[in-house]
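Enquirer: File follows, input.txt with compact mmCIF, C-alpha atoms and all ligand atoms:
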```txt
# COMPACT_ATOMS: atom_id res chain seq x y z
CA MET A 270 62.00 89.97 29.63
CA SER A 271 61.18 90.73 33.26
CA MET A 272 63.60 92.87 35.26
CA ASN A 273 63.62 89.95 37.64
CA TYR A 274 65.38 87.66 35.19
CA ASP A 275 68.72 86.29 36.34
CA PRO A 276 69.99 83.72 33.85
CA LYS A 277 72.20 82.25 36.59
CA ALA A 278 69.05 80.89 38.21
CA LEU A 279 68.99 78.26 35.46
CA PHE A 280 72.42 76.99 36.58
CA LYS A 281 70.77 75.82 39.80
CA ILE A 282 68.91 73.07 37.95
CA GLY A 283 70.69 69.76 38.65
CA TYR A 284 71.79 67.42 35.85
CA GLY A 285 73.49 64.08 35.37
CA LEU A 286 75.90 63.17 32.58
CA TYR A 287 75.39 60.31 30.15
CA VAL A 288 76.94 58.74 27.08
CA VAL A 289 74.19 58.08 24.53
CA THR A 290 75.21 55.39 22.03
CA CYS A 291 73.75 54.64 18.61
CA ASN A 292 74.85 53.01 15.35
CA ASP A 293 74.61 54.32 11.77
CA SER A 294 74.94 50.71 10.42
CA LYS A 295 78.64 51.32 9.71
CA LYS A 296 80.01 52.08 13.17
CA ASP A 297 79.15 52.65 16.79
CA ASN A 298 78.84 56.22 17.90
CA GLY A 299 78.29 57.98 21.21
CA LEU A 300 77.90 61.46 22.60
CA ILE A 301 77.80 63.13 26.00
CA VAL A 302 74.50 64.65 27.09
CA ASN A 303 73.13 66.07 30.34
CA THR A 304 69.56 65.88 29.07
CA VAL A 305 68.21 62.47 30.08
CA ILE A 306 65.10 62.49 32.25
CA GLN A 307 62.37 60.03 33.13
CA VAL A 308 59.19 61.95 32.28
CA THR A 309 56.41 59.45 33.14
CA SER A 310 56.14 56.14 35.00
CA THR A 311 52.98 54.43 33.66
CA PRO A 312 54.10 53.60 31.10
CA VAL A 313 57.75 54.48 31.65
CA ARG A 314 58.94 57.16 29.26
CA VAL A 315 62.41 58.65 29.15
CA ALA A 316 63.16 61.88 27.26
CA VAL A 317 66.56 62.55 25.70
CA THR A 318 67.25 65.92 24.07
CA ILE A 319 70.01 66.19 21.46
CA ASN A 320 71.35 69.15 19.48
CA LYS A 321 70.49 68.75 15.79
CA GLU A 322 74.10 69.54 14.85
CA ASN A 323 75.31 66.42 16.61
CA TYR A 324 75.81 63.49 14.25
CA SER A 325 73.87 61.23 16.64
CA HIS A 326 70.70 63.29 16.22
CA GLY A 327 70.29 62.23 12.58
CA VAL A 328 71.29 58.65 13.32
CA ILE A 329 68.70 58.27 16.10
CA ARG A 330 66.08 60.01 13.96
CA LYS A 331 66.63 57.29 11.33
CA THR A 332 67.12 54.21 13.51
CA GLY A 333 64.70 55.08 16.34
CA MET A 334 66.90 53.60 19.01
CA MET A 335 69.71 54.43 21.41
CA ASN A 336 71.34 53.31 24.65
CA VAL A 337 71.78 55.55 27.67
CA ASN A 338 75.00 54.84 29.62
CA CYS A 339 74.86 56.43 33.09
CA LEU A 340 78.34 57.74 33.92
CA THR A 341 79.79 57.41 37.42
CA GLU A 342 82.04 59.78 39.36
CA GLU A 343 84.94 57.47 38.37
CA ALA A 344 84.72 58.53 34.71
CA PRO A 345 87.97 60.36 33.87
CA PHE A 346 88.25 63.47 31.69
CA LYS A 347 89.37 61.33 28.72
CA VAL A 348 85.84 59.87 28.50
CA PHE A 349 84.51 63.41 27.98
CA GLU A 350 87.24 64.14 25.43
CA ALA A 351 86.53 60.92 23.53
CA PHE A 352 82.74 61.21 23.38
CA GLY A 353 82.14 64.92 23.88
CA PHE A 354 84.81 66.97 22.14
CA GLN A 355 84.85 65.40 18.67
CA SER A 356 82.25 64.37 16.12
CA GLY A 357 81.23 60.90 15.00
CA ARG A 358 81.15 62.36 11.48
CA ASP A 359 84.95 62.56 11.54
CA VAL A 360 86.20 59.93 13.95
CA ASP A 361 85.45 56.46 15.26
CA LYS A 362 84.77 57.18 18.93
CA PHE A 363 85.09 53.49 19.78
CA ALA A 364 88.52 53.11 18.14
CA ASP A 365 90.15 52.65 21.58
CA CYS A 366 87.30 50.89 23.35
CA VAL A 367 85.74 47.47 22.87
CA PRO A 368 82.09 47.90 23.87
CA LEU A 369 79.67 45.42 25.40
CA ARG A 370 76.37 44.84 23.56
CA SER A 371 72.77 45.14 24.67
CA GLU A 372 69.94 43.05 23.15
CA ASN A 373 69.27 45.75 20.53
CA GLY A 374 72.86 45.34 19.29
CA LEU A 375 74.00 48.81 20.36
CA ALA A 376 77.18 49.59 22.28
CA VAL A 377 77.36 49.67 26.07
CA LEU A 378 80.42 51.22 27.73
CA PRO A 379 82.54 48.55 29.43
CA ARG A 380 83.61 50.90 32.26
CA TYR A 381 82.66 54.05 34.17
CA ILE A 382 78.89 53.48 34.16
CA ASN A 383 76.53 52.31 36.90
CA ALA A 384 73.50 51.57 34.72
CA MET A 385 72.42 51.26 31.11
CA MET A 386 69.07 51.39 29.38
CA SER A 387 68.03 50.69 25.83
CA LEU A 388 65.48 53.13 24.44
CA LYS A 389 63.02 52.93 21.57
CA VAL A 390 61.81 56.27 20.20
CA GLU A 391 58.02 56.70 20.53
CA GLN A 392 57.66 60.43 19.89
CA TYR A 393 59.81 63.25 18.56
CA VAL A 394 59.44 66.89 19.55
CA ASP A 395 61.10 69.48 17.33
CA LEU A 396 62.59 72.17 19.58
CA GLY A 397 64.27 74.24 16.88
CA THR A 398 67.95 73.85 17.65
CA HIS A 399 67.35 70.52 19.37
CA GLY A 400 65.17 67.44 19.03
CA MET A 401 63.58 65.72 22.01
CA PHE A 402 63.21 61.95 21.74
CA ILE A 403 60.52 60.52 24.01
CA CYS A 404 61.21 56.83 24.43
CA SER A 405 60.06 53.54 25.90
CA VAL A 406 62.64 51.40 27.73
CA THR A 407 63.28 47.97 26.18
CA GLU A 408 66.14 46.87 28.47
CA ALA A 409 67.61 48.22 31.71
CA SER A 410 70.44 47.04 33.99
CA VAL A 411 72.19 48.27 37.10
CA LEU A 412 75.94 47.58 36.73
CA SER A 413 77.51 49.07 39.86
CA ASP A 414 76.83 51.00 43.06
CA ALA A 415 79.26 53.82 42.21
CA PRO A 416 77.60 57.26 42.52
CA SER A 417 76.27 58.85 39.34
CA MET A 418 78.26 61.66 37.73
CA THR A 419 76.48 64.99 38.09
CA TYR A 420 77.20 68.10 36.03
CA ALA A 421 78.26 69.84 39.24
CA TYR A 422 80.76 67.04 40.05
CA TYR A 423 82.17 67.23 36.53
CA HIS A 424 82.77 70.96 36.87
CA SER A 425 84.32 70.78 40.34
CA LYS A 426 86.31 67.51 40.19
CA VAL A 427 86.78 66.16 36.65
CA LYS A 428 87.42 69.08 34.33
CA PRO A 429 91.09 70.13 34.43
CA LYS A 430 91.74 73.37 36.30
CA PRO A 431 92.81 75.87 33.64
CA GLN A 432 96.20 77.52 34.24
CA THR A 433 94.92 81.08 34.06
CA GLU A 434 97.59 82.70 36.25
CA LYS A 435 99.27 85.65 34.57
CA LYS A 436 97.18 85.06 31.45
CA LYS A 437 94.90 87.61 29.86
CA GLY A 438 91.91 86.46 27.89
CA TYR A 439 88.95 84.13 28.12
CA VAL A 440 88.56 80.63 29.50
CA CYS A 441 86.06 78.00 28.31
CA LYS A 442 83.81 76.97 31.23
CA ILE A 443 83.16 73.59 29.62
CA CYS A 444 86.67 72.26 28.92
CA GLY A 445 89.14 74.83 30.30
CA TYR A 446 90.55 75.97 26.94
CA ILE A 447 92.13 79.44 27.17
CA HIS A 448 91.77 82.00 24.39
CA GLU A 449 94.48 84.60 24.96
CA GLY A 450 93.81 88.14 23.83
CA ASP A 451 91.79 91.24 24.65
CA GLU A 452 88.66 90.23 22.84
CA LEU A 453 86.60 87.14 22.20
CA PRO A 454 84.69 87.30 18.90
CA GLU A 455 80.94 86.73 19.28
CA ASP A 456 81.01 83.82 16.83
CA PHE A 457 84.00 82.20 18.56
CA VAL A 458 83.82 78.41 18.80
CA CYS A 459 86.02 76.54 21.29
CA PRO A 460 88.52 74.45 19.28
CA ILE A 461 88.45 71.70 21.92
CA CYS A 462 84.81 71.23 22.93
CA LYS A 463 83.01 73.23 20.20
CA HIS A 464 80.97 75.29 22.64
CA GLY A 465 80.35 78.93 21.71
CA ALA A 466 81.39 82.30 23.12
CA ALA A 467 78.54 82.23 25.66
CA ASP A 468 80.36 79.46 27.53
CA PHE A 469 83.53 81.54 27.96
CA GLU A 470 84.35 83.87 30.83
CA GLU A 471 86.96 86.56 31.08
CA ILE A 472 90.06 85.76 33.15
CA LYS A 473 90.23 88.22 36.04
FE FE A 501 85.80 74.33 25.39
```
Before we go any further, please render this structure as structure tokens.
Expert:
Amino acid sequence: MSMNYDPKALFKIGYGLYVVTCNDSKKDNGLIVNTVIQVTSTPVRVAVTINKENYSHGVIRKTGMMNVNCLTEEAPFKVFEAFGFQSGRDVDKFADCVPLRSENGLAVLPRYINAMMSLKVEQYVDLGTHGMFICSVTEASVLSDAPSMTYAYYHSKVKPKPQTEKKKGYVCKICGYIHEGDELPEDFVCPICKHGAADFEEIK
């Protein structure tokens, strides 16, 4: 690695936040991603990258379809808790939410989104830990004029401020969970959001 390698440079890349919905033929499922990007315009192709450990990865691999729900700045933290901090393997993420339906039959969030699009998988790129789905768009709607939720907005305005005063330990940069103690094991996994030790910082 070059001496001129500052990993913080990568944090300057801007992202949005999305709920990607799919269905395993038994129930609706959804997860939070920041990895939706339009990659070409003629024809339109949208790429969505998903960690292979997420239940949705296998479901989309099998079914070849998903919906992208574009979150707005109005989305409260509970949306991130519901779709981001638990697994569709264990829970029904739509237990407390009656979804709308797109033409492909998949769930569309009834609130907190400004647009939706239905995607059909055209290509799959194996990225090791993640899979990238390159998709055509079969349906697309604008639902409101509310501004889109960015990753930066989530970190500054939505995520609860952790109460780190007088505490000694490490705080999760993703969800604010505090691990009290002198050391954070390398293989530590946040009990709330399941992110690893790399996403923790020492309380100073
Ligand atoms: Fe966390």
Enquirer: Tell me, as a ChimeraX atom specification, which residues lie within 9 Å of A:Glu350, counting only C-alpha atoms; anything in the same chain fewer than 3 positions away does not count.
Expert: /A:346-347,353-355,444,461-462
Enquirer: Using 4 Å of padding on each side, determine the axis-aligned box around all atoms of stretch 327-341 of chain A present in the file and give its centre and edge lengths in Å to one decimal, as JSON.
Expert:
```
{"center_x": 72.2, "center_y": 57.8, "center_z": 24.4, "size_x": 23.1, "size_y": 16.9, "size_z": 34.1}
```
Enquirer: May I have a table of the residues of chain A lying at most 10 Å from ligand FE 501 (chain A), giving each one's closest pair of atoms and their distance in Å to one decimal, counting all atoms listed in the file, ordered by chain and ascending residue number, as CSV?
Expert:
```
residue,atom,partner,partner_atom,distance
A:Phe354,CA,A:FE501,FE,8.1
A:Val440,CA,A:FE501,FE,8.0
A:Cys441,CA,A:FE501,FE,4.7
A:Lys442,CA,A:FE501,FE,6.7
A:Ile443,CA,A:FE501,FE,5.0
A:Cys444,CA,A:FE501,FE,4.2
A:Gly445,CA,A:FE501,FE,6.0
A:Tyr446,CA,A:FE501,FE,5.3
A:Ile447,CA,A:FE501,FE,8.3
A:His448,CA,A:FE501,FE,9.8
A:Val458,CA,A:FE501,FE,8.0
A:Cys459,CA,A:FE501,FE,4.7
A:Pro460,CA,A:FE501,FE,6.7
A:Ile461,CA,A:FE501,FE,5.1
A:Cys462,CA,A:FE501,FE,4.1
A:Lys463,CA,A:FE501,FE,6.0
A:His464,CA,A:FE501,FE,5.6
A:Gly465,CA,A:FE501,FE,8.0
A:Ala466,CA,A:FE501,FE,9.4
A:Asp468,CA,A:FE501,FE,7.8
A:Phe469,CA,A:FE501,FE,8.0
```
Enquirer: Could you give me, as CSV, a per-residue list for stretch 375-431 of chain A showing, wherever an atom lies at most 9 Å from an atom of stretch 297-305 of chain A, the closest pair of atoms and their distance in Å to one decimal, using all atoms listed in the file and sorting by chain then residue number from low to high?
Expert:
```
residue,atom,partner,partner_atom,distance
A:Leu375,CA,A:Asp297,CA,7.3
A:Ala376,CA,A:Asp297,CA,6.6
A:Thr419,CA,A:Asn303,CA,8.5
A:Tyr420,CA,A:Asn303,CA,7.3
```
Enquirer: Looking at A:Lys277, A:Lys473, A:Lys426, A:Arg380, which one is nearest to A:Ser413, with distances taken over all atoms listed in the file?
Expert: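 Between A:Lys277, A:Lys473, A:Lys426, A:Arg380, the residue approaching A:Ser413 most closely is A:Arg380.
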Enquirer: Would you compute the distance between atom CA of A:Met386 and atom CA of A:Asn338? Give it in Å to one decimal.
Expert: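 For atom CA of A:Met386 relative to atom CA of A:Asn338, the distance reads 6.9 Å.
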Enquirer: Record the distance separating atom CA of A:Gly400 and atom CA of A:Leu279, expressed in Å with one decimal.
Expert: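 Atom-to-atom, atom CA of A:Gly400 and atom CA of A:Leu279 are spaced 20.0 Å apart.
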Enquirer: What's the separation between atom CA of A:Leu396 and atom CA of A:His424, in Å to one decimal place?
Expert: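 Straight-line distance from atom CA of A:Leu396 to atom CA of A:His424 works out to 26.6 Å.
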Enquirer: Which one of A:Asp395, A:Glu343, A:Asp361, A:Asp414 sits closest to A:Lys321 if you count all atoms listed in the file?
Expert: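 So, comparing all the options, the nearest one is A:Asp395.
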Enquirer: Between A:Val308, A:Ile403, A:Met272, A:Glu342, which is the closest to A:Ala421 once you count all atoms listed in the file?
Expert: A:Glu342
